[in-house]
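A short write-up of the structure that comes next.
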Amino acid sequence: MDRLQALTSASMRIYPVFLEATGYYDWLYGLRRLFREGARPQVVVVGVGVNYFLEDGVRQDYAPMMFFDARDTLAVASDLHLDRTATSNLLLAHSSIFWDTRSAIRTQILRRVVPHVEDLFLLVNSRPAVPEGREFEEIAIPRLRRLRELCEANGAKLILLVPPTLSSETAVNQMAYAAHTAGVEISVPIDPTALSAKFYQPDGMHLNPEGAVLSHQR
């Protein structure tokens, strides 16, 4: 980011907001809050993996406090049809740093106490299957249009950045088609076919150092 800012400082100012494993609803309400609080960017670049974009959910740690305000938490609960327990957890996460980060704290403790716990997580948390064809379009296109309309209503152009994931060629192509249909510009930093399994970490979602270098070069 420092290098990108230095290269573009004469023509633009960049305001990065990074949070991994975020999806459509995180950014829908995060952007709503930013616009409501007075942010007026000319361009909004949303970088989100295809799997996360299609999921019906929000990130349970960090996102509630970073992205949502009190009224948003109730709207999110309504959109996702959350029960009272899940809605209460979302409200508490918005107002309590401990509650917002309890999952991350638990994960850090497990990593120190249980050897090779990351391998166990990979067995328990399998990656969800990406829908295809009409089902994919029925989910992705309305969401892309909603984000585009939100940005346009606040004077911003939306660009969707789709990072590579293992075996994601079909998913990335489907997302490119959905974005074109929804009138959203899309950026694909690297063709997924150029990255074999050896360039990914064991989770198949994050690039290892070699993959990161290759992606940066493209």
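By order in the structure tokens, chains are A, B, ...; within a chain, residues start at 1; ligands start at 1, following the order shown.
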All strand (DSSP E or B) residues (DSSP, backbone) inside region 30-218 of chain A, as a ChimeraX atom specification: /A:43-47,157-161,185-187,200,207
Leu160 (chain A) environment, 9 Å, only C-alpha atoms, sequence neighbours closer than 2 positions dropped, as a list in words: Val44, Val45, Val46, Gly47, Val48, Leu144, Leu158, Val162, Ala179, Val184, Glu185, Ile186, Ser187 and Val188 of chain A
Polymer residues at most 12 Å from Ala21 (chain A), only C-alpha atoms, same-chain spacing of 6 or more positions, as number ranges by chain: A: 27, 47-53, 55, 57-63, 163, 205-206
Store the residues picked out above in a file with N, CA and C atoms, as a PDB file, in the first residue's frame.
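New file again18.pdb:
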```pdb
ATOM      1  N   TRP A  27     -19.739  -5.519   3.432  1.00  0.00           N
ATOM      2  CA  TRP A  27     -19.393  -4.322   2.669  1.00  0.00           C
ATOM      3  C   TRP A  27     -20.611  -3.489   2.311  1.00  0.00           C
ATOM      4  N   GLY A  47     -12.687  -5.568  -2.712  1.00  0.00           N
ATOM      5  CA  GLY A  47     -12.002  -6.822  -2.994  1.00  0.00           C
ATOM      6  C   GLY A  47     -12.571  -7.933  -2.133  1.00  0.00           C
ATOM      7  N   VAL A  48     -13.225  -8.887  -2.748  1.00  0.00           N
ATOM      8  CA  VAL A  48     -13.863  -9.965  -1.982  1.00  0.00           C
ATOM      9  C   VAL A  48     -13.859 -11.235  -2.822  1.00  0.00           C
ATOM     10  N   GLY A  49     -13.529 -12.362  -2.179  1.00  0.00           N
ATOM     11  CA  GLY A  49     -13.535 -13.637  -2.865  1.00  0.00           C
ATOM     12  C   GLY A  49     -14.941 -14.059  -3.260  1.00  0.00           C
ATOM     13  N   VAL A  50     -15.034 -14.854  -4.299  1.00  0.00           N
ATOM     14  CA  VAL A  50     -16.345 -15.269  -4.811  1.00  0.00           C
ATOM     15  C   VAL A  50     -17.142 -16.005  -3.736  1.00  0.00           C
ATOM     16  N   ASN A  51     -16.514 -16.937  -3.030  1.00  0.00           N
ATOM     17  CA  ASN A  51     -17.226 -17.703  -2.001  1.00  0.00           C
ATOM     18  C   ASN A  51     -17.846 -16.789  -0.962  1.00  0.00           C
ATOM     19  N   TYR A  52     -17.047 -15.830  -0.479  1.00  0.00           N
ATOM     20  CA  TYR A  52     -17.534 -14.934   0.567  1.00  0.00           C
ATOM     21  C   TYR A  52     -18.629 -14.013   0.036  1.00  0.00           C
ATOM     22  N   PHE A  53     -18.509 -13.597  -1.221  1.00  0.00           N
ATOM     23  CA  PHE A  53     -19.517 -12.702  -1.781  1.00  0.00           C
ATOM     24  C   PHE A  53     -20.883 -13.378  -1.864  1.00  0.00           C
ATOM     25  N   GLU A  55     -21.989 -15.851   0.115  1.00  0.00           N
ATOM     26  CA  GLU A  55     -22.489 -16.358   1.387  1.00  0.00           C
ATOM     27  C   GLU A  55     -23.554 -15.437   1.971  1.00  0.00           C
ATOM     28  N   GLY A  57     -24.276 -14.123   5.188  1.00  0.00           N
ATOM     29  CA  GLY A  57     -23.756 -13.965   6.536  1.00  0.00           C
ATOM     30  C   GLY A  57     -22.833 -12.773   6.619  1.00  0.00           C
ATOM     31  N   VAL A  58     -22.420 -12.466   7.842  1.00  0.00           N
ATOM     32  CA  VAL A  58     -21.443 -11.413   8.091  1.00  0.00           C
ATOM     33  C   VAL A  58     -20.329 -12.004   8.939  1.00  0.00           C
ATOM     34  N   ARG A  59     -19.175 -11.392   8.895  1.00  0.00           N
ATOM     35  CA  ARG A  59     -18.088 -11.833   9.748  1.00  0.00           C
ATOM     36  C   ARG A  59     -18.450 -11.510  11.192  1.00  0.00           C
ATOM     37  N   GLN A  60     -18.286 -12.478  12.079  1.00  0.00           N
ATOM     38  CA  GLN A  60     -18.765 -12.338  13.450  1.00  0.00           C
ATOM     39  C   GLN A  60     -17.790 -11.603  14.361  1.00  0.00           C
ATOM     40  N   ASP A  61     -16.516 -11.494  13.959  1.00  0.00           N
ATOM     41  CA  ASP A  61     -15.576 -10.738  14.771  1.00  0.00           C
ATOM     42  C   ASP A  61     -14.993  -9.591  13.953  1.00  0.00           C
ATOM     43  N   TYR A  62     -14.706  -8.509  14.604  1.00  0.00           N
ATOM     44  CA  TYR A  62     -14.154  -7.289  14.014  1.00  0.00           C
ATOM     45  C   TYR A  62     -15.164  -6.528  13.153  1.00  0.00           C
ATOM     46  N   ALA A  63     -15.856  -7.206  12.249  1.00  0.00           N
ATOM     47  CA  ALA A  63     -16.766  -6.512  11.328  1.00  0.00           C
ATOM     48  C   ALA A  63     -17.874  -5.743  12.047  1.00  0.00           C
ATOM     49  N   PRO A 163     -10.043 -11.684  -6.004  1.00  0.00           N
ATOM     50  CA  PRO A 163      -8.768 -12.358  -5.797  1.00  0.00           C
ATOM     51  C   PRO A 163      -8.854 -13.821  -6.225  1.00  0.00           C
ATOM     52  N   MET A 205      -7.150 -20.846  -0.032  1.00  0.00           N
ATOM     53  CA  MET A 205      -7.737 -19.517  -0.190  1.00  0.00           C
ATOM     54  C   MET A 205      -6.669 -18.416  -0.222  1.00  0.00           C
ATOM     55  N   HIS A 206      -5.622 -18.594   0.569  1.00  0.00           N
ATOM     56  CA  HIS A 206      -4.596 -17.571   0.685  1.00  0.00           C
ATOM     57  C   HIS A 206      -3.343 -17.994  -0.070  1.00  0.00           C
TER      58      HIS A 206
END
```
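Closest approach to Pro16 (chain A) among A:Leu4, A:Ala153, A:Ile141, A:His94 is made by A:Leu4 (distances from only C-alpha atoms).
If you measure from each of A:Ala10, A:Ala156, A:Met66, A:Ala194 to Ile97 (chain A) using only C-alpha atoms, the closest one turns out to be A:Met66.
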Residue neighbourhood region 37-43 of chain A, 10 Å, only C-alpha atoms, exclusion window fewer than 6 positions, as a PyMOL selection string: chain A and resi 12-15+31+151-152+154-159
Contact residues around region 131-134 of chain A with only C-alpha atoms at 12 Å, ignoring same-chain residues under 4 positions, as an MDAnalysis selection string: chainID A and resid 50:51 53:55 138:141 168 170:175 177:178
Contacts of region 70-74 of chain A at 8 Å (only C-alpha atoms; same-chain gap of 5+ positions) as a PyMOL selection string: chain A and resi 29+64+87+90-91+94
